[in-house]
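Student: File start-v4.pdb below, PDB, C-alpha atoms:
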ATOM      1  CA  MET A   1     -12.912  15.172  44.527
ATOM      2  CA  LYS A   2      -9.718  15.665  46.472
ATOM      3  CA  TYR A   3      -8.287  12.439  45.101
ATOM      4  CA  GLY A   4      -9.179  13.633  41.595
ATOM      5  CA  VAL A   5      -7.152  16.808  42.074
ATOM      6  CA  VAL A   6      -4.150  14.822  43.303
ATOM      7  CA  LYS A   7      -4.418  12.498  40.333
ATOM      8  CA  LEU A   8      -4.687  15.416  37.906
ATOM      9  CA  THR A   9      -1.652  17.137  39.404
ATOM     10  CA  LYS A  10       0.364  13.945  39.147
ATOM     11  CA  GLU A  11      -0.639  13.605  35.511
ATOM     12  CA  LEU A  12       0.260  17.231  34.787
ATOM     13  CA  LEU A  13       3.677  16.880  36.380
ATOM     14  CA  ARG A  14       4.380  13.668  34.530
ATOM     15  CA  ASN A  15       3.448  15.248  31.209
ATOM     16  CA  ALA A  16       5.599  18.289  31.981
ATOM     17  CA  ILE A  17       8.654  16.092  32.532
ATOM     18  CA  HIS A  18       7.981  13.510  29.793
ATOM     19  CA  PRO A  19       6.013  15.126  26.951
ATOM     20  CA  VAL A  20       3.928  12.692  24.893
ATOM     21  CA  THR A  21       3.854  14.723  21.690
ATOM     22  CA  VAL A  22       6.163  13.629  18.893
ATOM     23  CA  ASN A  23       7.922  16.420  17.061
ATOM     24  CA  TYR A  24       7.399  14.470  13.888
ATOM     25  CA  PRO A  25       7.865  16.475  10.695
ATOM     26  CA  ALA A  26      10.542  18.656  12.260
ATOM     27  CA  LYS A  27      12.610  15.942  13.930
ATOM     28  CA  LYS A  28      12.402  12.424  12.601
ATOM     29  CA  ASP A  29      14.724  11.106  15.329
ATOM     30  CA  SER A  30      12.079  11.714  17.958
ATOM     31  CA  LEU A  31       9.990   8.978  16.339
ATOM     32  CA  GLY A  32      12.192   6.217  17.710
ATOM     33  CA  GLU A  33      11.138   6.079  21.311
ATOM     34  CA  LEU A  34       7.665   7.560  21.163
ATOM     35  CA  THR A  35       5.816   5.967  18.242
ATOM     36  CA  GLU A  36       4.613   2.467  17.696
ATOM     37  CA  ILE A  37       6.747   1.968  14.575
ATOM     38  CA  VAL A  38       8.629  -1.252  15.233
ATOM     39  CA  ASP A  39      10.448  -3.700  12.973
ATOM     40  CA  GLU A  40       7.231  -5.688  12.519
ATOM     41  CA  SER A  41       5.233  -2.683  11.274
ATOM     42  CA  ARG A  42       3.830  -3.200   7.824
ATOM     43  CA  GLY A  43       4.875  -0.528   5.349
ATOM     44  CA  LYS A  44       6.436  -0.386   1.909
ATOM     45  CA  HIS A  45       7.291  -3.742   0.343
ATOM     46  CA  ARG A  46      10.781  -4.981  -0.481
ATOM     47  CA  PHE A  47      11.671  -7.952  -2.662
ATOM     48  CA  ASP A  48      14.812  -9.807  -1.725
ATOM     49  CA  GLU A  49      16.968  -9.948  -4.865
ATOM     50  CA  VAL A  50      18.518 -13.271  -3.856
ATOM     51  CA  LYS A  51      15.683 -15.103  -2.146
ATOM     52  CA  CYS A  52      12.710 -14.245  -4.401
ATOM     53  CA  VAL A  53      12.258 -16.961  -7.040
ATOM     54  CA  GLY A  54       9.298 -15.344  -8.813
ATOM     55  CA  CYS A  55       6.718 -18.064  -8.182
ATOM     56  CA  GLY A  56       3.886 -15.518  -8.048
ATOM     57  CA  ALA A  57       2.248 -16.911  -4.904
ATOM     58  CA  CYS A  58       2.047 -13.360  -3.550
ATOM     59  CA  ALA A  59       0.100 -12.256  -6.648
ATOM     60  CA  ILE A  60      -2.390 -15.094  -6.242
ATOM     61  CA  VAL A  61      -2.986 -14.564  -2.545
ATOM     62  CA  CYS A  62      -3.205 -10.740  -2.696
ATOM     63  CA  SER A  63      -6.636  -9.795  -1.400
ATOM     64  CA  SER A  64      -6.880  -6.470  -3.204
ATOM     65  CA  SER A  65      -4.971  -7.601  -6.347
ATOM     66  CA  ALA A  66      -2.294  -5.013  -5.716
ATOM     67  CA  ILE A  67       0.483  -7.425  -6.704
ATOM     68  CA  THR A  68       0.468  -8.385 -10.384
ATOM     69  CA  GLU A  69       2.776 -10.683 -12.299
ATOM     70  CA  SER A  70       3.474 -10.208 -15.997
ATOM     71  CA  ASP A  71       5.672 -12.340 -18.228
ATOM     72  CA  SER A  72       7.806 -11.021 -21.057
ATOM     73  CA  ASP A  73      10.116 -13.123 -23.228
ATOM     74  CA  LEU A  74      13.018 -12.938 -20.833
ATOM     75  CA  GLU A  75      11.732 -12.197 -17.395
ATOM     76  CA  ARG A  76       8.773 -12.231 -15.071
ATOM     77  CA  THR A  77       7.977  -8.964 -13.341
ATOM     78  CA  LEU A  78       6.172  -8.776 -10.014
ATOM     79  CA  SER A  79       4.936  -5.297  -9.255
ATOM     80  CA  VAL A  80       3.218  -3.987  -6.135
ATOM     81  CA  GLU A  81       0.866  -1.065  -6.583
ATOM     82  CA  ILE A  82       1.123   0.644  -3.210
ATOM     83  CA  GLY A  83      -1.997   2.726  -3.874
ATOM     84  CA  ARG A  84      -4.108  -0.430  -3.957
ATOM     85  CA  CYS A  85      -2.362  -2.424  -1.246
ATOM     86  CA  ILE A  86      -4.068  -2.835   2.127
ATOM     87  CA  PHE A  87      -0.880  -4.000   3.920
ATOM     88  CA  CYS A  88      -2.466  -7.181   5.234
ATOM     89  CA  GLY A  89       0.855  -9.054   4.997
ATOM     90  CA  ARG A  90      -0.589 -12.177   3.399
ATOM     91  CA  CYS A  91       1.987 -11.988   0.585
ATOM     92  CA  ARG A  92       4.770 -12.058   3.131
ATOM     93  CA  ASP A  93       3.185 -14.935   5.035
ATOM     94  CA  ILE A  94       2.584 -17.086   1.950
ATOM     95  CA  CYS A  95       6.025 -16.555   0.378
ATOM     96  CA  PRO A  96       7.718 -19.992   0.410
ATOM     97  CA  GLU A  97      11.226 -18.542   0.163
ATOM     98  CA  LYS A  98      10.706 -15.561   2.525
ATOM     99  CA  GLY A  99      11.731 -13.388  -0.410
ATOM    100  CA  LEU A 100       9.190 -10.617   0.188
ATOM    101  CA  GLU A 101       9.055  -8.501   3.274
ATOM    102  CA  LEU A 102       7.169  -5.469   4.475
ATOM    103  CA  THR A 103       9.592  -2.863   5.724
ATOM    104  CA  PRO A 104       8.506  -0.432   8.445
ATOM    105  CA  GLU A 105       8.990   2.461   6.014
ATOM    106  CA  PHE A 106       5.930   4.681   6.323
ATOM    107  CA  GLU A 107       6.794   7.810   4.338
ATOM    108  CA  ILE A 108       4.992   6.749   1.187
ATOM    109  CA  SER A 109       2.840   9.798   0.473
ATOM    110  CA  LYS A 110       3.469  11.462  -2.876
ATOM    111  CA  LYS A 111       2.391  14.374  -4.985
ATOM    112  CA  GLY A 112       0.404  13.263  -7.988
ATOM    113  CA  GLN A 113      -2.811  13.581  -9.941
ATOM    114  CA  ASN A 114      -3.814   9.932 -10.236
ATOM    115  CA  ALA A 115      -3.079   6.441  -9.031
ATOM    116  CA  ASN A 116      -0.252   5.928 -11.536
ATOM    117  CA  ASP A 117       1.823   8.520  -9.692
ATOM    118  CA  CYS A 118       1.794   6.364  -6.579
ATOM    119  CA  ILE A 119       4.883   4.404  -5.563
ATOM    120  CA  ARG A 120       5.368   1.017  -7.241
ATOM    121  CA  VAL A 121       7.724  -1.690  -6.054
ATOM    122  CA  GLU A 122       8.953  -3.897  -8.886
ATOM    123  CA  HIS A 123      11.090  -6.995  -9.109
ATOM    124  CA  SER A 124      12.109  -9.106 -12.135
ATOM    125  CA  VAL A 125      13.364 -12.664 -12.292
ATOM    126  CA  PRO A 126      14.722 -14.412 -15.423
ATOM    127  CA  LEU A 127      12.519 -16.966 -17.206
ATOM    128  CA  GLY A 128      13.743 -20.253 -18.629
ATOM    129  CA  PRO A 129      12.560 -21.466 -22.065
ATOM    130  CA  CYS A 130      10.656 -24.702 -22.780
ATOM    131  CA  ASP A 131      12.962 -27.353 -24.282
ATOM    132  CA  LYS A 132      10.515 -28.207 -27.058
ATOM    133  CA  CYS A 133       8.767 -25.036 -28.214
ATOM    134  CA  GLY A 134      11.168 -22.435 -26.788
ATOM    135  CA  ARG A 135       8.502 -20.285 -25.154
ATOM    136  CA  PRO A 136       9.259 -18.746 -21.749
ATOM    137  CA  THR A 137       7.933 -21.135 -19.130
ATOM    138  CA  PHE A 138       8.951 -20.855 -15.501
ATOM    139  CA  PRO A 139      11.497 -18.789 -13.608
ATOM    140  CA  ILE A 140      14.740 -20.757 -13.478
ATOM    141  CA  ARG A 141      15.198 -20.310  -9.764
ATOM    142  CA  GLN A 142      11.632 -21.434  -9.053
ATOM    143  CA  ILE A 143      12.331 -24.807 -10.684
ATOM    144  CA  GLU A 144      15.408 -25.262  -8.536
ATOM    145  CA  SER A 145      13.547 -24.360  -5.365
ATOM    146  CA  VAL A 146      10.633 -26.692  -6.181
ATOM    147  CA  LYS A 147      13.032 -29.578  -6.854
ATOM    148  CA  LYS A 148      14.806 -28.929  -3.594
ATOM    149  CA  ARG A 149      11.615 -28.720  -1.587
ATOM    150  CA  VAL A 150      10.111 -31.872  -3.131
ATOM    151  CA  SER A 151      13.238 -33.942  -2.539
ATOM    152  CA  GLU A 152      13.362 -32.765   1.070
ATOM    153  CA  ASN A 153       9.793 -33.731   1.859
ATOM    154  CA  ILE A 154       9.326 -36.902  -0.179
ATOM    155  CA  ASP A 155       9.433 -40.468   1.132
ATOM    156  CA  PRO A 156      13.018 -41.658   0.458
ATOM    157  CA  ALA A 157      11.711 -44.864  -1.152
ATOM    158  CA  ASN A 158      10.240 -42.872  -4.059
ATOM    159  CA  LEU A 159      13.066 -40.382  -4.336
ATOM    160  CA  VAL A 160      14.742 -41.836  -7.427
ATOM    161  CA  THR A 161      11.528 -42.155  -9.426
ATOM    162  CA  VAL A 162      10.300 -38.708  -8.493
ATOM    163  CA  ASN A 163      13.635 -37.092  -9.297
ATOM    164  CA  LYS A 164      13.616 -38.729 -12.714
ATOM    165  CA  ASP A 165      10.030 -37.548 -13.354
ATOM    166  CA  MET A 166      10.841 -34.044 -12.218
ATOM    167  CA  GLU A 167      13.829 -33.850 -14.587
ATOM    168  CA  ILE A 168      11.394 -34.430 -17.455
ATOM    169  CA  PHE A 169       8.520 -32.362 -16.107
ATOM    170  CA  MET A 170      10.451 -29.217 -15.380
ATOM    171  CA  ARG A 171      11.986 -28.916 -18.841
ATOM    172  CA  TYR A 172       8.727 -28.467 -20.758
ATOM    173  CA  CYS A 173       5.896 -25.960 -20.709
ATOM    174  CA  PRO A 174       2.462 -27.285 -19.633
ATOM    175  CA  ASP A 175       1.192 -27.502 -23.233
ATOM    176  CA  CYS A 176       4.174 -29.482 -24.520
ATOM    177  CA  ARG A 177       4.019 -31.695 -21.469
ATOM    178  CA  ARG A 178       0.454 -32.639 -22.318
ATOM    179  CA  THR A 179       0.882 -33.174 -26.037
ATOM    180  CA  ALA A 180       4.045 -35.216 -25.592
ATOM    181  CA  SER A 181       3.042 -37.108 -22.474
ATOM    182  CA  TYR A 182       3.123 -40.538 -24.175
ATOM    183  CA  ALA A 183       6.514 -39.960 -25.752
ATOM    184  CA  LEU A 184       7.949 -38.642 -22.484
ATOM    185  CA  ARG A 185       6.280 -41.380 -20.425
ATOM    186  CA  THR A 186       4.812 -38.787 -18.030
ATOM    187  CA  HIS A 187       1.202 -39.821 -18.569
ATOM    188  CA  PRO A 188      -0.666 -40.587 -15.321
ATOM    189  CA  ARG A 189      -1.592 -44.071 -16.631
ATOM    190  CA  LYS A 190       1.916 -45.382 -16.998
ATOM    191  CA  SER A 191       0.900 -49.012 -17.310
ATOM    192  CA  TYR A 192       0.664 -48.874 -21.113
TER     193      TYR A 192
ATOM    194  CA  MET B   1       9.199  33.561  -3.428
ATOM    195  CA  ARG B   2       7.952  36.355  -1.197
ATOM    196  CA  LEU B   3       4.626  35.684   0.472
ATOM    197  CA  GLY B   4       2.065  38.342   1.309
ATOM    198  CA  LEU B   5       0.382  38.411   4.702
ATOM    199  CA  ARG B   6      -2.613  36.455   3.509
ATOM    200  CA  GLU B   7      -0.507  33.785   1.795
ATOM    201  CA  LYS B   8       1.713  33.548   4.855
ATOM    202  CA  ALA B   9      -1.285  33.039   7.119
ATOM    203  CA  ARG B  10      -2.610  30.388   4.783
ATOM    204  CA  ALA B  11       0.684  28.551   4.531
ATOM    205  CA  TYR B  12       1.362  28.585   8.259
ATOM    206  CA  SER B  13      -2.126  27.744   9.428
ATOM    207  CA  PRO B  14      -4.061  25.734   6.867
ATOM    208  CA  TRP B  15      -7.448  24.439   7.864
ATOM    209  CA  ILE B  16      -8.579  21.021   6.831
ATOM    210  CA  PHE B  17     -12.008  19.917   5.740
ATOM    211  CA  HIS B  18     -12.454  16.205   6.051
ATOM    212  CA  ALA B  19     -14.877  14.649   3.559
ATOM    213  CA  HIS B  20     -15.915  11.130   4.444
ATOM    214  CA  ALA B  21     -16.884   9.460   1.163
ATOM    215  CA  GLY B  22     -17.964   5.955   2.099
ATOM    216  CA  GLY B  23     -15.309   3.585   3.345
ATOM    217  CA  CYS B  24     -14.877   1.741   6.585
ATOM    218  CA  ASN B  25     -14.105   4.680   8.922
ATOM    219  CA  ASN B  26     -10.596   3.480   9.691
ATOM    220  CA  CYS B  27      -8.837   6.349   7.878
ATOM    221  CA  ASP B  28     -11.053   8.724   9.838
ATOM    222  CA  ILE B  29      -9.904   7.173  13.102
ATOM    223  CA  GLU B  30      -6.267   7.609  12.035
ATOM    224  CA  LEU B  31      -7.008  11.214  11.084
ATOM    225  CA  ALA B  32      -8.462  11.716  14.559
ATOM    226  CA  ALA B  33      -5.193  10.272  15.927
ATOM    227  CA  CYS B  34      -3.302  13.013  14.046
ATOM    228  CA  PHE B  35      -5.114  15.604  16.136
ATOM    229  CA  ALA B  36      -4.736  13.686  19.403
ATOM    230  CA  PRO B  37      -1.892  14.557  21.848
ATOM    231  CA  ARG B  38       0.630  12.087  20.386
ATOM    232  CA  PHE B  39       0.893  13.800  17.010
ATOM    233  CA  ASP B  40      -1.061  16.997  17.701
ATOM    234  CA  LEU B  41      -1.297  18.789  14.369
ATOM    235  CA  GLU B  42      -2.853  21.777  16.096
ATOM    236  CA  ARG B  43       0.558  22.766  17.452
ATOM    237  CA  MET B  44       1.340  23.699  13.839
ATOM    238  CA  GLY B  45      -1.866  25.696  13.456
ATOM    239  CA  ILE B  46      -3.588  23.015  11.436
ATOM    240  CA  GLN B  47      -7.206  22.630  12.403
ATOM    241  CA  LEU B  48     -10.116  20.435  11.419
ATOM    242  CA  ARG B  49     -13.092  22.529  10.329
ATOM    243  CA  ASN B  50     -16.545  21.238   9.685
ATOM    244  CA  ASN B  51     -17.339  23.885   7.098
ATOM    245  CA  PRO B  52     -15.844  23.575   3.610
ATOM    246  CA  ARG B  53     -15.926  27.359   3.123
ATOM    247  CA  HIS B  54     -13.332  27.810   5.877
ATOM    248  CA  ALA B  55     -10.960  25.197   4.546
ATOM    249  CA  ASP B  56      -7.735  25.275   2.514
ATOM    250  CA  ILE B  57      -7.069  21.543   2.377
ATOM    251  CA  PHE B  58      -9.760  19.115   1.256
ATOM    252  CA  LEU B  59      -9.060  15.650   2.623
ATOM    253  CA  VAL B  60     -11.096  12.773   1.211
ATOM    254  CA  THR B  61     -11.284   9.308   2.682
ATOM    255  CA  GLY B  62     -13.168   6.362   1.233
ATOM    256  CA  PRO B  63     -13.898   5.015  -2.257
ATOM    257  CA  ALA B  64     -16.741   7.474  -3.069
ATOM    258  CA  PRO B  65     -19.796   5.283  -3.703
ATOM    259  CA  LYS B  66     -22.280   6.358  -6.369
ATOM    260  CA  GLN B  67     -24.636   7.922  -3.834
ATOM    261  CA  ILE B  68     -22.005  10.235  -2.398
ATOM    262  CA  ALA B  69     -20.199  11.111  -5.666
ATOM    263  CA  PRO B  70     -22.273  14.208  -6.680
ATOM    264  CA  MET B  71     -22.165  15.521  -3.099
ATOM    265  CA  LEU B  72     -18.391  15.141  -3.001
ATOM    266  CA  ARG B  73     -18.041  17.261  -6.143
ATOM    267  CA  ARG B  74     -20.418  19.867  -4.725
ATOM    268  CA  VAL B  75     -18.551  20.122  -1.423
ATOM    269  CA  TYR B  76     -15.230  20.354  -3.270
ATOM    270  CA  ASP B  77     -16.561  23.272  -5.302
ATOM    271  CA  GLN B  78     -17.517  25.053  -2.076
ATOM    272  CA  VAL B  79     -13.903  25.159  -0.850
ATOM    273  CA  PRO B  80     -12.458  28.582  -1.778
ATOM    274  CA  ASN B  81      -9.401  28.833  -4.016
ATOM    275  CA  PRO B  82      -6.494  28.169  -3.630
ATOM    276  CA  LYS B  83      -7.150  24.670  -2.401
ATOM    277  CA  VAL B  84      -5.361  21.366  -2.263
ATOM    278  CA  ALA B  85      -7.107  17.981  -2.332
ATOM    279  CA  ILE B  86      -5.642  14.978  -0.535
ATOM    280  CA  ALA B  87      -6.768  11.429  -1.296
ATOM    281  CA  CYS B  88      -6.215   9.638   2.001
ATOM    282  CA  GLY B  89      -6.137   5.854   2.018
ATOM    283  CA  SER B  90      -5.959   3.191  -0.655
ATOM    284  CA  CYS B  91      -9.725   3.357  -1.268
ATOM    285  CA  ALA B  92      -9.590   7.002  -2.223
ATOM    286  CA  ILE B  93      -6.643   6.479  -4.587
ATOM    287  CA  THR B  94      -7.709   3.394  -6.555
ATOM    288  CA  GLY B  95     -10.788   1.960  -4.854
ATOM    289  CA  GLY B  96      -8.545  -0.435  -2.942
ATOM    290  CA  ILE B  97     -10.236  -3.512  -1.588
ATOM    291  CA  TYR B  98     -13.634  -2.336  -2.899
ATOM    292  CA  ASN B  99     -12.499  -2.057  -6.504
ATOM    293  CA  ARG B 100     -10.174  -4.940  -7.179
ATOM    294  CA  ASP B 101     -10.240  -4.911 -10.963
ATOM    295  CA  ASP B 102     -10.215  -1.763 -13.083
ATOM    296  CA  GLU B 103     -11.730  -3.588 -16.072
ATOM    297  CA  LYS B 104     -14.628  -4.913 -13.994
ATOM    298  CA  PRO B 105     -15.404  -2.024 -11.643
ATOM    299  CA  ASN B 106     -17.566  -2.456  -8.595
ATOM    300  CA  TYR B 107     -21.229  -1.630  -9.374
ATOM    301  CA  ALA B 108     -21.611   0.531  -6.264
ATOM    302  CA  ILE B 109     -18.446   2.604  -6.574
ATOM    303  CA  GLY B 110     -18.638   5.979  -8.353
ATOM    304  CA  GLY B 111     -14.971   6.686  -7.697
ATOM    305  CA  PRO B 112     -12.076   6.403  -7.236
ATOM    306  CA  VAL B 113     -11.901   9.990  -6.077
ATOM    307  CA  GLU B 114      -9.549  11.022  -8.923
ATOM    308  CA  LYS B 115     -12.469  10.578 -11.359
ATOM    309  CA  LEU B 116     -14.615  13.067  -9.469
ATOM    310  CA  ILE B 117     -12.305  15.842  -8.278
ATOM    311  CA  PRO B 118      -8.712  16.885  -9.123
ATOM    312  CA  ILE B 119      -6.346  15.281  -6.597
ATOM    313  CA  ASP B 120      -2.965  16.754  -5.634
ATOM    314  CA  ILE B 121      -1.579  14.484  -2.915
ATOM    315  CA  LEU B 122      -1.797  10.700  -2.577
ATOM    316  CA  VAL B 123      -1.528   9.115   0.872
ATOM    317  CA  PRO B 124      -1.530   5.325   0.451
ATOM    318  CA  GLY B 125      -2.132   2.892   3.279
ATOM    319  CA  CYS B 126      -5.059   0.974   4.677
ATOM    320  CA  PRO B 127      -5.346   2.835   6.968
ATOM    321  CA  PRO B 128      -2.389   5.213   6.479
ATOM    322  CA  ARG B 129      -0.313   5.725   9.586
ATOM    323  CA  PRO B 130      -0.762   9.116  11.270
ATOM    324  CA  GLU B 131       2.839   9.836  10.253
ATOM    325  CA  SER B 132       1.953   9.188   6.611
ATOM    326  CA  ILE B 133      -1.006  11.539   6.846
ATOM    327  CA  ILE B 134       1.187  14.213   8.429
ATOM    328  CA  GLN B 135       3.738  13.756   5.638
ATOM    329  CA  GLY B 136       0.925  14.132   3.091
ATOM    330  CA  ILE B 137      -0.278  17.314   4.770
ATOM    331  CA  MET B 138       3.281  18.682   4.683
ATOM    332  CA  LEU B 139       3.438  17.972   0.934
ATOM    333  CA  ALA B 140       0.075  19.722   0.590
ATOM    334  CA  LEU B 141       1.510  22.752   2.385
ATOM    335  CA  GLU B 142       4.363  22.938  -0.127
ATOM    336  CA  LYS B 143       1.824  22.859  -2.900
ATOM    337  CA  LEU B 144      -0.361  25.475  -1.220
ATOM    338  CA  ARG B 145       2.624  27.798  -0.900
ATOM    339  CA  HIS B 146       3.198  27.745  -4.661
ATOM    340  CA  ARG B 147      -0.415  28.317  -5.688
TER     341      ARG B 147
END
Let's see the structure in the file written out as structure tokens.
Tutor:
Amino acid sequence: MKYGVVKLTKELLRNAIHPVTVNYPAKKDSLGELTEIVDESRGKHRFDEVKCVGCGACAIVCSSSAITESDSDLERTLSVEIGRCIFCGRCRDICPEKGLELTPEFEISKKGQNANDCIRVEHSVPLGPCDKCGRPTFPIRQIESVKKRVSENIDPANLVTVNKDMEIFMRYCPDCRRTASYALRTHPRKSY
Amino acid sequence: MRLGLREKARAYSPWIFHAHAGGCNNCDIELAACFAPRFDLERMGIQLRNNPRHADIFLVTGPAPKQIAPMLRRVYDQVPNPKVAIACGSCAITGGIYNRDDEKPNYAIGGPVEKLIPIDILVPGCPPRPESIIQGIMLALEKLRHR
């Protein structure tokens, strides 16, 4: 009992000197030392304008389908619907170019009547056309990054052949690649 | 705008009714953290009430499954005017992880909440940080002041 009183008094004195309550909406500076918001906190998304190549891996891996990719004639748009996101961070982990990050920004509440009023984070990358049919195919920067990554990881003995194949592969859309596979000599059975 | 005594009292000490409409209980834990010593909303006169008739702010968490949907509407109607509704968490806004595709909605979900009751504030996050919830409540206060 006596020990309890001593403990309680110690606690009271400590709280009187160092208050634990954050004066949040009034003073945002007080957040720094007292809250658990650190650089690794997962908040609003940010696409890196330089690093993101628009491969769409984040859209595939998104567990609540908050990230969607849509292609127009000129560019591919990746958009994050914050009102659907569960901030699991899988998009950031899967990104091969580290072009997507979750900033610790937490002030994402908004006035609005429905989900469309929620914050959206959008990012567009230019698309390159297919050499044969002219349809938009892949983001230009994605092709470069794939070429770079393949040539870094491949066995040097096959490097010349693979580079030559990639030059052909990356210029055409998947449909043209299939229909013209004999003419381009990209068919899997090359022994014809 | 000049506020009367009643409006002033309402704007400076709004009471919150928390409606739990399905969901995983995580938003509710973060809401409890808002009233704990670290963030302590009660220092601003904001209180949690367990009676909708006492409340000014109606805070919904969860995706509102079909079983709870009519009850949610009924409880919302019991809150006296003027009132502000907050959708707290990604589930309440769009259905979140429970409702991945709007064209093929989940068979068990009667929501999202915006289909059932008029929503004024959106607090995204899964769960939203206590700071986000506090920011949402501050936005709700602005709205309450102009009602």
Student: Fewer than 5 positions away in the same chain doesn't count, so skip those; otherwise give me all residues within 12 Å of Asp117 of chain A, counting all atoms listed in the file, as a list in words.
Tutor: Glu81, Ile82, Gly83, Ile108, Ser109, Lys110, Lys111 and Gly112 of chain A; Ile93, Thr94, Glu114, Ile119, Asp120, Ile121, Leu122, Val123 and Pro124 of chain B
Student: Would you place a box with edges along x, y and z of the file around all atoms of segment 76-82 of chain B listed there, add 6 Å to each of its six sides, and report the centre and edge lengths in Å to one decimal, as lines of an AutoDock Vina configuration file?
Tutor:
center_x = -12.0
center_y = 24.6
center_z = -3.1
size_x = 23.0
size_y = 20.5
size_z = 16.5
Student: Enter the distance from atom CA of Ile97 of chain B to atom CA of Ser63 of chain A, in Å, rounded to one decimal.
Tutor: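 Answer for the atom CA of Ile97 of chain B to atom CA of Ser63 of chain A separation: 7.2 Å.
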Student: Where does the PyMOL selection byres ((chain B) within 10 of (chain A)) land in this file, that is, which residues does it pick, as a VMD selection string?
Tutor: chain B and resid 36 to 41 43 85 to 101 112 to 115 117 to 140 143
Student: Expanded to explicit residues, what is the PyMOL selection byres ((chain B and resi 45) around 9) for this file, as a list in words?
Tutor: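 The output of the PyMOL selection byres ((chain B and resi 45) around 9) on this file is Tyr12, Ser13, Pro14, Trp15, Leu41, Glu42, Arg43, Met44, Ile46 and Gln47 of chain B.
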Student: Running the PyMOL selection byres ((chain A and resi 132) around 10) on this model by hand, what would come out? Give it as a PyMOL selection string.
Tutor: chain A and resi 129-131+133-135+171-173+176-177+180
